[in-house]
$ cat start15.txt   # compact mmCIF, C-alpha atoms
# COMPACT_ATOMS: atom_id res chain seq x y z
CA MET J 1 132.17 173.71 108.32
CA LYS J 2 131.56 170.50 106.38
CA ARG J 3 133.21 170.17 103.02
CA THR J 4 131.37 171.06 99.85
CA HIS J 5 130.75 167.99 97.77
CA LEU J 6 131.45 168.59 94.12
CA PHE J 7 130.96 165.53 91.99
CA ILE J 8 130.74 165.77 88.23
CA VAL J 9 129.63 162.44 86.85
CA GLY J 10 128.28 161.15 83.60
CA LEU J 11 130.96 162.80 81.46
CA TYR J 12 131.32 161.07 78.11
CA LEU J 13 134.97 160.58 77.14
CA LEU J 14 136.31 159.44 73.78
CA SER J 15 137.76 155.97 74.07
CA SER J 16 141.00 157.14 72.49
CA CYS J 17 141.51 159.73 75.24
CA GLN J 18 142.99 158.88 78.61
CA ALA J 19 142.55 161.13 81.64
CA GLU J 20 145.50 162.03 83.81
CA GLU J 21 145.64 160.25 87.17
CA GLY J 22 143.49 162.15 89.66
CA LEU J 23 140.98 163.13 86.99
CA ASN J 24 139.43 159.78 86.17
CA PHE J 25 135.75 160.59 85.82
CA PRO J 26 133.55 157.65 86.78
CA THR J 27 131.92 155.64 84.03
CA TYR J 28 129.56 152.76 84.60
CA ASP J 29 131.57 149.57 85.18
CA GLY J 30 128.75 147.20 84.23
CA LYS J 31 128.22 145.78 87.72
CA ASP J 32 124.58 145.60 88.88
CA ARG J 33 124.14 147.36 92.21
CA VAL J 34 120.51 148.44 91.92
CA VAL J 35 118.14 145.68 93.03
CA SER J 36 114.40 145.16 92.69
CA LEU J 37 112.67 145.64 96.03
CA THR J 38 109.88 143.21 96.88
CA GLU J 39 107.81 142.40 99.93
CA LYS J 40 109.96 139.31 100.37
CA ASN J 41 113.35 141.08 100.55
CA PHE J 42 112.22 144.42 101.98
CA LYS J 43 113.20 143.84 105.63
CA GLN J 44 116.50 142.26 104.67
CA VAL J 45 117.48 145.18 102.42
CA LEU J 46 116.35 147.73 105.00
CA LYS J 47 118.60 146.18 107.67
CA LYS J 48 121.60 146.13 105.35
CA TYR J 49 121.71 149.88 104.62
CA SER J 50 121.47 153.03 106.73
CA MET J 51 119.68 154.78 103.88
CA LEU J 52 117.73 153.61 100.83
CA CYS J 53 117.38 155.43 97.52
CA LEU J 54 114.20 154.05 95.94
CA TYR J 55 112.89 154.56 92.42
CA TYR J 56 109.13 153.88 92.20
CA HIS J 57 108.26 153.25 88.56
CA GLU J 58 105.46 152.01 86.37
CA SER J 59 105.81 148.61 84.76
CA VAL J 60 108.02 148.77 81.70
CA SER J 61 105.86 148.52 78.58
CA SER J 62 106.72 147.03 75.21
CA ASP J 63 107.09 150.54 73.78
CA LYS J 64 110.72 151.00 72.71
CA VAL J 65 110.87 154.69 73.67
CA ALA J 66 109.52 153.96 77.15
CA GLN J 67 112.03 151.13 77.52
CA LYS J 68 114.95 153.40 76.59
CA GLN J 69 113.76 156.11 78.98
CA PHE J 70 113.60 153.54 81.77
CA GLN J 71 117.05 152.20 80.90
CA LEU J 72 118.53 155.71 81.02
CA LYS J 73 117.18 156.25 84.54
CA GLU J 74 118.40 152.83 85.58
CA ILE J 75 121.91 153.68 84.31
CA VAL J 76 121.85 156.97 86.27
CA LEU J 77 121.00 155.05 89.45
CA GLU J 78 123.68 152.43 88.71
CA LEU J 79 126.32 155.13 88.26
CA VAL J 80 125.29 156.90 91.47
CA ALA J 81 125.30 153.58 93.34
CA GLN J 82 128.81 152.90 91.99
CA VAL J 83 130.15 156.33 93.04
CA LEU J 84 128.60 156.05 96.53
CA GLU J 85 129.32 152.34 97.04
CA HIS J 86 131.42 153.09 100.14
CA LYS J 87 128.65 155.13 101.80
CA ALA J 88 126.29 152.29 102.86
CA ILE J 89 123.42 153.58 100.74
CA GLY J 90 121.17 151.01 99.09
CA PHE J 91 119.67 151.58 95.65
CA VAL J 92 116.43 149.83 94.79
CA MET J 93 113.53 149.95 92.35
CA VAL J 94 109.88 149.16 93.02
CA ASP J 95 107.58 148.11 90.20
CA ALA J 96 104.21 149.83 90.76
CA LYS J 97 102.21 146.97 89.26
CA LYS J 98 104.13 143.95 90.56
CA GLU J 99 104.65 145.39 94.05
CA ALA J 100 101.43 147.33 94.52
CA LYS J 101 100.99 146.00 98.06
CA LEU J 102 104.49 147.09 99.11
CA ALA J 103 104.03 150.50 97.48
CA LYS J 104 100.78 151.02 99.40
CA LYS J 105 102.51 150.00 102.63
CA LEU J 106 105.26 152.58 102.00
CA GLY J 107 102.75 155.27 101.01
CA PHE J 108 103.93 155.64 97.41
CA ASP J 109 101.31 156.84 94.94
CA GLU J 110 103.19 158.80 92.27
CA GLU J 111 104.91 156.65 89.66
CA GLY J 112 108.23 157.97 88.39
CA SER J 113 109.17 159.38 91.80
CA LEU J 114 112.43 158.95 93.66
CA TYR J 115 112.28 158.50 97.43
CA ILE J 116 114.96 158.29 100.10
CA LEU J 117 114.23 156.24 103.22
CA LYS J 118 116.32 157.41 106.18
CA GLY J 119 115.36 156.06 109.59
CA ASP J 120 111.65 156.74 110.05
CA ARG J 121 111.66 159.52 107.43
CA THR J 122 110.70 159.37 103.76
CA ILE J 123 112.14 162.20 101.67
CA GLU J 124 110.93 162.75 98.12
CA PHE J 125 113.59 163.90 95.69
CA ASP J 126 112.09 166.74 93.64
CA GLY J 127 115.12 167.57 91.57
CA GLU J 128 116.70 166.89 88.21
CA PHE J 129 117.17 163.14 87.65
CA ALA J 130 120.88 163.48 86.92
CA ALA J 131 123.79 161.60 88.45
CA ASP J 132 125.74 164.65 89.69
CA VAL J 133 122.65 166.28 91.24
CA LEU J 134 121.59 163.06 92.94
CA VAL J 135 125.08 162.30 94.29
CA GLU J 136 125.36 165.73 95.92
CA PHE J 137 121.82 165.48 97.29
CA LEU J 138 122.52 162.11 98.94
CA LEU J 139 125.86 163.24 100.36
CA ASP J 140 124.16 166.25 101.95
CA LEU J 141 121.50 163.94 103.35
CA ILE J 142 123.93 161.60 105.15
CA GLU J 143 125.59 164.52 106.92
CA ASP J 144 124.41 165.75 110.32
CA PRO J 145 121.26 167.90 109.97
CA VAL J 146 122.92 170.80 111.82
CA GLU J 147 126.29 172.28 110.93
CA ILE J 148 128.32 173.68 113.82
CA ILE J 149 130.11 177.03 113.51
CA ASN J 150 133.09 177.53 115.78
CA SER J 151 135.21 180.35 114.36
CA LYS J 152 135.09 183.80 112.75
CA LEU J 153 136.18 182.37 109.40
CA GLU J 154 133.26 179.97 109.49
CA VAL J 155 130.98 182.92 110.30
CA GLN J 156 132.24 184.62 107.13
CA ALA J 157 131.47 181.50 105.12
CA PHE J 158 127.99 181.37 106.69
CA GLU J 159 127.34 185.02 105.82
CA ARG J 160 128.26 184.41 102.17
CA ILE J 161 125.41 181.94 101.75
CA GLU J 162 122.79 184.29 100.35
CA ASP J 163 120.74 182.37 97.78
CA GLN J 164 119.00 179.90 100.10
CA ILE J 165 117.09 179.83 103.38
CA LYS J 166 119.29 179.29 106.44
CA LEU J 167 118.79 179.25 110.20
CA ILE J 168 121.31 179.62 113.02
CA GLY J 169 120.89 179.15 116.74
CA PHE J 170 123.06 179.82 119.79
CA PHE J 171 122.96 177.16 122.49
CA LYS J 172 124.87 176.21 125.65
CA SER J 173 126.01 172.81 124.37
CA GLU J 174 125.05 169.76 122.33
CA ASP J 175 123.40 168.37 125.45
CA SER J 176 121.02 171.31 125.72
CA GLU J 177 117.38 170.27 125.36
CA TYR J 178 116.79 173.36 123.22
CA TYR J 179 119.60 172.40 120.86
CA LYS J 180 118.14 168.89 120.58
CA ALA J 181 114.76 170.43 119.65
CA PHE J 182 116.54 172.54 117.03
CA GLU J 183 118.30 169.45 115.68
CA GLU J 184 115.03 167.51 115.48
CA ALA J 185 113.43 170.40 113.60
CA ALA J 186 116.35 170.46 111.14
CA GLU J 187 115.67 166.84 110.15
CA HIS J 188 112.26 167.86 108.79
CA PHE J 189 113.92 170.05 106.14
CA GLN J 190 117.22 168.30 105.44
CA PRO J 191 118.86 168.71 102.96
CA TYR J 192 116.77 171.47 101.37
CA ILE J 193 117.14 174.05 104.16
CA LYS J 194 120.43 174.60 105.99
CA PHE J 195 120.49 174.68 109.79
CA PHE J 196 123.54 176.01 111.66
CA ALA J 197 124.34 176.30 115.36
CA THR J 198 127.08 177.63 117.59
CA PHE J 199 128.08 177.02 121.21
CA ASP J 200 130.75 179.70 121.08
CA LYS J 201 129.98 182.96 122.90
CA GLY J 202 132.18 184.98 120.53
CA VAL J 203 130.33 183.65 117.49
CA GLY J 204 126.99 184.25 119.19
CA LYS J 205 127.97 187.85 119.90
CA LYS J 206 129.24 188.34 116.34
CA LEU J 207 125.83 187.24 115.02
CA SER J 208 123.90 189.20 117.71
CA LEU J 209 122.37 186.00 119.07
CA LYS J 210 121.19 185.51 122.64
CA MET J 211 121.28 182.14 124.38
CA ASN J 212 118.70 179.67 122.94
CA GLU J 213 117.78 182.18 120.23
CA VAL J 214 117.35 181.23 116.56
CA ASP J 215 117.58 183.60 113.58
CA PHE J 216 115.91 182.87 110.25
CA TYR J 217 117.50 184.24 107.07
CA GLU J 218 115.42 184.69 103.93
CA PRO J 219 117.45 184.47 100.69
CA PHE J 220 119.08 187.72 99.53
CA MET J 221 117.89 189.70 102.56
CA ASP J 222 120.26 191.94 104.54
CA GLU J 223 118.60 191.34 107.90
CA SER J 224 117.54 188.14 109.64
CA ILE J 225 114.27 187.47 111.46
CA THR J 226 114.49 186.31 115.06
CA ILE J 227 112.00 183.57 115.83
CA PRO J 228 109.88 185.00 118.67
CA ASP J 229 109.27 183.58 122.14
CA LYS J 230 112.44 181.63 122.84
CA PRO J 231 113.19 178.93 123.92
CA TYR J 232 111.41 176.88 121.30
CA THR J 233 110.05 173.40 120.91
CA GLU J 234 110.71 171.35 117.79
CA GLU J 235 107.13 171.93 116.61
CA GLU J 236 107.39 175.71 117.03
CA ILE J 237 110.53 175.89 114.87
CA VAL J 238 109.00 173.64 112.19
CA GLU J 239 105.83 175.72 112.09
CA PHE J 240 107.78 178.99 111.77
CA VAL J 241 109.92 177.67 108.92
CA LYS J 242 106.88 176.36 107.04
CA GLU J 243 105.16 179.74 107.36
CA HIS J 244 108.22 181.53 105.93
CA GLN J 245 109.31 178.87 103.43
CA ARG J 246 108.34 180.84 100.31
CA PRO J 247 110.91 183.65 99.88
CA THR J 248 110.31 186.91 98.03
CA LEU J 249 113.17 186.01 95.68
CA ARG J 250 114.18 182.38 95.31
CA ARG J 251 116.65 180.60 93.09
CA LEU J 252 115.56 177.62 91.00
CA ARG J 253 117.98 174.87 91.98
CA PRO J 254 118.52 171.51 90.24
CA GLU J 255 118.04 169.62 93.52
CA ASP J 256 114.51 170.89 94.21
CA MET J 257 113.40 172.49 90.93
CA PHE J 258 110.07 170.66 90.69
CA GLU J 259 109.07 171.45 94.27
CA THR J 260 109.77 175.13 93.61
CA TRP J 261 107.86 175.11 90.32
CA GLU J 262 104.84 173.43 91.91
CA ASP J 263 104.76 176.11 94.62
CA ASP J 264 103.05 178.70 92.44
CA LEU J 265 100.86 181.63 93.46
CA ASN J 266 97.37 181.44 91.91
CA GLY J 267 98.64 179.38 89.00
CA ILE J 268 101.45 181.74 87.96
CA HIS J 269 105.12 182.39 88.55
CA ILE J 270 106.99 185.64 88.09
CA VAL J 271 110.18 184.33 86.49
CA ALA J 272 113.46 186.15 85.99
CA PHE J 273 116.32 184.82 83.88
CA ALA J 274 119.77 186.22 84.62
CA GLU J 275 123.25 184.76 84.29
CA ARG J 276 125.14 185.68 87.41
CA SER J 277 128.49 185.28 85.62
CA ASP J 278 127.46 187.79 82.94
CA PRO J 279 127.84 191.53 83.72
CA ASP J 280 124.31 192.39 82.54
CA GLY J 281 122.88 189.36 84.31
CA TYR J 282 124.69 190.28 87.52
CA GLU J 283 123.38 193.85 87.33
CA PHE J 284 119.83 192.62 86.72
CA LEU J 285 120.07 190.22 89.68
CA GLU J 286 121.17 193.09 91.93
CA ILE J 287 118.09 195.05 90.80
CA LEU J 288 115.91 192.02 91.59
CA LYS J 289 117.45 191.81 95.06
CA GLN J 290 116.62 195.45 95.71
CA VAL J 291 113.01 194.93 94.61
CA ALA J 292 112.75 191.84 96.84
CA ARG J 293 114.16 193.69 99.86
CA ASP J 294 111.78 196.60 99.35
CA ASN J 295 108.80 194.22 99.08
CA THR J 296 109.72 191.44 101.48
CA ASP J 297 106.51 191.96 103.49
CA ASN J 298 104.28 191.34 100.47
CA PRO J 299 102.94 187.76 100.81
CA ASP J 300 101.69 187.79 97.21
CA LEU J 301 105.14 188.35 95.72
CA SER J 302 107.61 185.58 95.04
CA ILE J 303 110.04 185.85 92.13
CA VAL J 304 111.73 182.72 90.79
CA TRP J 305 115.25 183.52 89.62
CA ILE J 306 116.72 181.11 87.07
CA ASP J 307 120.39 181.18 86.12
CA PRO J 308 120.48 179.55 82.65
CA ASP J 309 123.98 178.26 83.44
CA ASP J 310 122.40 175.90 86.00
CA PHE J 311 120.18 174.26 83.36
CA PRO J 312 122.05 174.02 80.03
CA LEU J 313 119.72 171.29 78.73
CA LEU J 314 116.65 173.48 79.25
CA VAL J 315 117.87 176.70 77.60
CA ALA J 316 116.70 175.79 74.07
CA TYR J 317 113.35 174.55 75.43
CA TRP J 318 112.75 177.74 77.41
CA GLU J 319 113.66 179.95 74.46
CA LYS J 320 111.28 178.07 72.18
CA THR J 321 108.44 177.81 74.71
CA PHE J 322 108.61 181.39 75.99
CA LYS J 323 109.82 182.95 72.70
CA ILE J 324 112.62 184.85 74.44
CA ASP J 325 116.38 185.28 74.10
CA LEU J 326 118.20 183.95 77.17
CA PHE J 327 121.48 185.56 76.19
CA LYS J 328 120.13 188.66 77.93
CA PRO J 329 118.19 189.23 81.18
CA GLN J 330 114.43 188.59 81.08
CA ILE J 331 111.48 188.83 83.46
CA GLY J 332 107.98 187.63 82.78
CA VAL J 333 104.87 186.00 84.17
CA VAL J 334 104.32 182.31 83.37
CA ASN J 335 101.12 180.30 83.63
CA VAL J 336 102.16 176.94 85.12
CA THR J 337 99.21 175.11 83.57
CA ASP J 338 99.90 175.73 79.89
CA ALA J 339 103.24 177.65 79.96
CA ASP J 340 101.63 180.74 78.41
CA SER J 341 103.75 183.76 79.27
CA VAL J 342 104.07 187.53 78.98
CA TRP J 343 107.49 189.18 79.21
CA MET J 344 108.56 192.69 80.12
CA GLU J 345 109.94 194.62 77.19
CA ILE J 346 113.65 195.15 77.72
CA PRO J 347 114.74 196.60 74.37
CA ASP J 348 118.42 196.80 75.21
CA ASP J 349 120.37 194.80 77.81
CA ASP J 350 122.61 197.85 78.21
CA ASP J 351 119.57 199.80 79.42
CA LEU J 352 118.02 197.55 82.07
CA PRO J 353 114.88 198.63 83.96
CA THR J 354 115.37 200.42 87.26
CA ALA J 355 114.07 198.96 90.50
CA GLU J 356 111.15 201.41 90.36
CA GLU J 357 110.24 200.39 86.79
CA LEU J 358 110.46 196.75 87.74
CA GLU J 359 108.21 197.32 90.76
CA ASP J 360 105.61 199.07 88.58
CA TRP J 361 105.62 196.15 86.14
CA ILE J 362 105.28 193.62 88.99
CA GLU J 363 102.39 195.60 90.47
CA ASP J 364 100.61 195.38 87.10
CA VAL J 365 101.12 191.60 87.16
CA LEU J 366 99.84 191.22 90.72
CA SER J 367 96.81 193.40 89.97
CA GLY J 368 95.98 191.36 86.87
CA LYS J 369 96.56 194.24 84.47
CA ILE J 370 99.29 192.14 82.87
CA ASN J 371 98.30 188.49 82.55
CA THR J 372 98.82 185.47 80.32
CA GLU J 373 95.12 185.23 79.43
CA ASP J 374 95.23 188.39 77.32
CA ASP J 375 97.06 186.53 74.55
CA ASP J 376 94.45 183.78 74.65
CA ASN J 377 91.65 186.33 74.32
CA GLU J 378 93.40 188.04 71.42
CA ASP J 379 93.87 184.68 69.71
CA GLY J 380 90.21 183.94 70.30
CA ASP J 381 89.20 187.28 68.82
CA ASP J 382 91.32 186.57 65.75
CA GLY J 383 89.56 183.26 65.39
CA ASP J 384 86.15 184.97 65.56
CA ASP J 385 87.24 187.45 62.92
CA ASP J 386 88.35 184.60 60.68
CA GLU J 387 85.01 182.91 61.16
CA ASN J 388 83.17 186.13 60.33
CA GLU J 389 85.29 186.55 57.21
CA ASP J 390 84.42 183.00 56.19
CA ASP J 391 80.75 183.69 56.82
CA ASP J 392 80.95 186.85 54.76
CA GLY J 393 82.64 184.92 52.00
CA ASN J 394 79.94 182.27 52.07
CA ASP J 395 77.23 184.92 51.94
CA SER J 396 78.92 186.50 48.93
CA ASP J 397 79.08 183.14 47.19
CA GLU J 398 75.41 182.53 47.85
CA GLU J 399 74.49 185.97 46.53
CA SER J 400 76.61 185.32 43.42
CA ASN J 401 74.85 182.03 42.90
CA ASP J 402 71.47 183.72 43.28
CA ASP J 403 72.47 186.35 40.72
CA SER J 404 73.60 183.63 38.36
CA ASP J 405 70.27 181.91 38.70
CA ASP J 406 68.45 185.14 37.95
CA ASP J 407 70.56 185.64 34.84
CA ASP J 408 69.79 182.13 33.66
CA GLU J 409 66.12 182.82 34.00
$ encode --input "start15.txt" --output "structure tokens"
Amino acid sequence: MKRTHLFIVGLYLLSSCQAEEGLNFPTYDGKDRVVSLTEKNFKQVLKKYSMLCLYYHESVSSDKVAQKQFQLKEIVLELVAQVLEHKAIGFVMVDAKKEAKLAKKLGFDEEGSLYILKGDRTIEFDGEFAADVLVEFLLDLIEDPVEIINSKLEVQAFERIEDQIKLIGFFKSEDSEYYKAFEEAAEHFQPYIKFFATFDKGVGKKLSLKMNEVDFYEPFMDESITIPDKPYTEEEIVEFVKEHQRPTLRRLRPEDMFETWEDDLNGIHIVAFAERSDPDGYEFLEILKQVARDNTDNPDLSIVWIDPDDFPLLVAYWEKTFKIDLFKPQIGVVNVTDADSVWMEIPDDDDLPTAEELEDWIEDVLSGKINTEDDDNEDGDDGDDDENEDDDGNDSDEESNDDSDDDDE
């Protein structure tokens, strides 16, 4: 099994404090490693690096806030480039206005996006623009697309991965044409979806795999799905994964949070907040898993689980926007267009809803009985009432004026 890459970067240390040797967190050393990519130097830069991390940005305006925002992103890229200097990854920026021709050639059309060029592939980074997240993402991307499992201990480690999609196949050897097809398919989804393989008969038996067979594991599910009609071509594996890429219960992860959020169902997300490290949060997550397992065949159901511990900078924003307390478990329906939301009443975190109660609430959401538009309608009705009251008030004033005129006469 490949090592887990844990890099924590961007930590601000007081200048008076000195870290012990072995715990020297990286800070930007002031050296420029990120270069501007132009049509003129494009081929030269491409030949120099095995992989390019490219920030496609709008031209920097004279607005001071916009300038500072750009500088912050530039510093993040510089720090990442410094940490990964030994990995032969190039870091470049493309100005959308100055290099419009190059951007068109590369197929870039969304300013503010981060792309990774690896061989003939272009991967868009849809995660949090933070140094630690980006470092781990890039390290995962330079690894082999398929991880090989050779022992029972590695099987145990594989089985413990429950919060993300994973696939595993059993093949004769690395030279097998079916393994090569599997490997090619894995490149389409790297590093977002994990692909594993084994050539060991004992491991294959342990996982109930037949030769050239591939099992697909949906997050938090007890049982895998065997891809039908083995052996498979690369295209058949890719098509199957794409058809099953939206799980019944999925975790919002920093490395692909925007891709997940954009993958809504009819403009809404059913969102659950639960801290896994908290006893109540853990209990609520277990209830969510049970609901997901009982409803895994429902194509209209996909719950986004968010662990607030993964997004400390967003907790205050979410609490203010959704008007909820994230120190206890929550589940609600969110409109992705305007962030309107409706949340299930959980009066006491010591008395969490049962799986059956949660299913009933979700059914009401899916049927439209509970929806975010109800609040809008109520607000609209209040507005109409206010207008009617104003009209009534105006009528009363007019009548009073008429009476006054009569008295004067």
$ closest_atom_pairs --input "start15.txt" --of "segment 272-388 of chain J" --to "segment 159-177 of chain J" --cutoff "12 Å" --atoms "all atoms listed in the file" --output "JSON lines"
{"residue": "J:Arg276", "atom": "CA", "partner": "J:Asp163", "partner_atom": "CA", "distance": 11.7}
{"residue": "J:Leu285", "atom": "CA", "partner": "J:Asp163", "partner_atom": "CA", "distance": 11.3}
{"residue": "J:Lys289", "atom": "CA", "partner": "J:Asp163", "partner_atom": "CA", "distance": 10.4}
{"residue": "J:Val304", "atom": "CA", "partner": "J:Asp163", "partner_atom": "CA", "distance": 11.4}
{"residue": "J:Trp305", "atom": "CA", "partner": "J:Asp163", "partner_atom": "CA", "distance": 9.9}
{"residue": "J:Ile306", "atom": "CA", "partner": "J:Asp163", "partner_atom": "CA", "distance": 11.5}
{"residue": "J:Asp307", "atom": "CA", "partner": "J:Asp163", "partner_atom": "CA", "distance": 11.7}
$ write_last_selection --input "start15.txt" --atoms "C-alpha atoms" --output "JSON list (two decimals), in the frame of the given file"
[["chain", "number", "residue", "atom", "x", "y", "z"],
["J", 276, "ARG", "CA", 125.14, 185.68, 87.41],
["J", 285, "LEU", "CA", 120.07, 190.22, 89.68],
["J", 289, "LYS", "CA", 117.45, 191.81, 95.06],
["J", 304, "VAL", "CA", 111.73, 182.72, 90.79],
["J", 305, "TRP", "CA", 115.25, 183.52, 89.62],
["J", 306, "ILE", "CA", 116.72, 181.11, 87.07],
["J", 307, "ASP", "CA", 120.39, 181.18, 86.12]]
$ closest_residue --input "start15.txt" --among "J:Ile346, J:Leu153, J:Leu139, J:Ala186" --to "Val241 of chain J" --atoms "all atoms listed in the file"
J:Ala186
$ residues_around --input "start15.txt" --residues "segment 261-271 of chain J" --least-positions-apart "5" --cutoff "9 Å" --atoms "only C-alpha atoms" --output "ChimeraX atom specification"
/J:246,252,256,300-306,330-337,362,365,372
$ atom_distance --input "start15.txt" --atom1 "atom CA of Lys105 of chain J" --atom2 "atom CA of Leu46 of chain J"
14.2 Å
$ atom_distance --input "start15.txt" --atom1 "atom CA of Ala355 of chain J" --atom2 "atom CA of Gln290 of chain J"
6.8 Å
$ closest_residue --input "start15.txt" --among "J:Asn150, J:Leu37, J:Val135, J:Leu117" --to "Ala103 of chain J" --atoms "all atoms listed in the file"
J:Leu37
$ closest_residue --input "start15.txt" --among "J:Lys104, J:Lys68, J:Lys323, J:Arg121" --to "Tyr56 of chain J" --atoms "all atoms listed in the file"
J:Lys104
$ residues_around --input "start15.txt" --residues "segment 211-213 of chain J" --least-positions-apart "2" --cutoff "9 Å" --atoms "all atoms listed in the file" --output "PyMOL selection string"
chain J and resi 168-172+178-179+201+204+209+215+226-232
$ atom_distance --input "start15.txt" --atom1 "atom CA of Gln190 of chain J" --atom2 "atom CA of Val238 of chain J"
11.9 Å
$ residues_near_point --input "start15.txt" --point "(115.3, 173.1, 92.1)" --cutoff "10 Å" --atoms "only C-alpha atoms" --output "PyMOL selection string"
chain J and resi 126-128+192+250-261+306+310
$ write_last_selection --input "start15.txt" --atoms "C-alpha atoms" --output "mmCIF file, keeping the file's coordinate frame"
data_model
loop_
_atom_site.group_PDB
_atom_site.id
_atom_site.type_symbol
_atom_site.label_atom_id
_atom_site.label_comp_id
_atom_site.auth_asym_id
_atom_site.auth_seq_id
_atom_site.Cartn_x
_atom_site.Cartn_y
_atom_site.Cartn_z
ATOM 1 C CA ASP J 126 112.090 166.740 93.640
ATOM 2 C CA GLY J 127 115.120 167.570 91.570
ATOM 3 C CA GLU J 128 116.700 166.890 88.210
ATOM 4 C CA TYR J 192 116.770 171.470 101.370
ATOM 5 C CA ARG J 250 114.180 182.380 95.310
ATOM 6 C CA ARG J 251 116.650 180.600 93.090
ATOM 7 C CA LEU J 252 115.560 177.620 91.000
ATOM 8 C CA ARG J 253 117.980 174.870 91.980
ATOM 9 C CA PRO J 254 118.520 171.510 90.240
ATOM 10 C CA GLU J 255 118.040 169.620 93.520
ATOM 11 C CA ASP J 256 114.510 170.890 94.210
ATOM 12 C CA MET J 257 113.400 172.490 90.930
ATOM 13 C CA PHE J 258 110.070 170.660 90.690
ATOM 14 C CA GLU J 259 109.070 171.450 94.270
ATOM 15 C CA THR J 260 109.770 175.130 93.610
ATOM 16 C CA TRP J 261 107.860 175.110 90.320
ATOM 17 C CA ILE J 306 116.720 181.110 87.070
ATOM 18 C CA ASP J 310 122.400 175.900 86.000
#
$ residues_around --input "start15.txt" --residues "Glu275 of chain J" --least-positions-apart "3" --cutoff "12 Å" --atoms "only C-alpha atoms" --output "list in words"
Arg251, Ala272, Asp278, Pro279, Asp280, Gly281, Tyr282, Glu283, Phe284, Leu285, Glu286, Trp305, Ile306, Asp307, Pro308, Asp309, Asp310, Phe311, Pro312, Val315, Leu326, Phe327, Lys328, Pro329 and Gln330 of chain J
$ residues_around --input "start15.txt" --residues "Thr38 of chain J" --least-positions-apart "3" --cutoff "8 Å" --atoms "only C-alpha atoms" --output "PDB file with C-alpha atoms, keeping the file's coordinate frame"
ATOM      1  CA  ASN J  41     113.350 141.080 100.550  1.00  0.00           C
ATOM      2  CA  PHE J  42     112.220 144.420 101.980  1.00  0.00           C
ATOM      3  CA  VAL J  94     109.880 149.160  93.020  1.00  0.00           C
ATOM      4  CA  GLU J  99     104.650 145.390  94.050  1.00  0.00           C
ATOM      5  CA  LEU J 102     104.490 147.090  99.110  1.00  0.00           C
TER       6      LEU J 102
END
$ closest_residue --input "start15.txt" --among "J:Lys48, J:Lys206, J:Lys194, J:Lys31" --to "Ala81 of chain J" --atoms "all atoms listed in the file"
J:Lys31
$ residues_around --input "start15.txt" --residues "Glu357 of chain J" --least-positions-apart "5" --cutoff "12 Å" --atoms "all atoms listed in the file" --output "number ranges by chain"
J: 287-288, 291, 344-346, 351-352, 362-364
$ closest_residue --input "start15.txt" --among "J:Val60, J:Ile370, J:Met51, J:Val133" --to "Ala88 of chain J" --atoms "only C-alpha atoms"
J:Met51
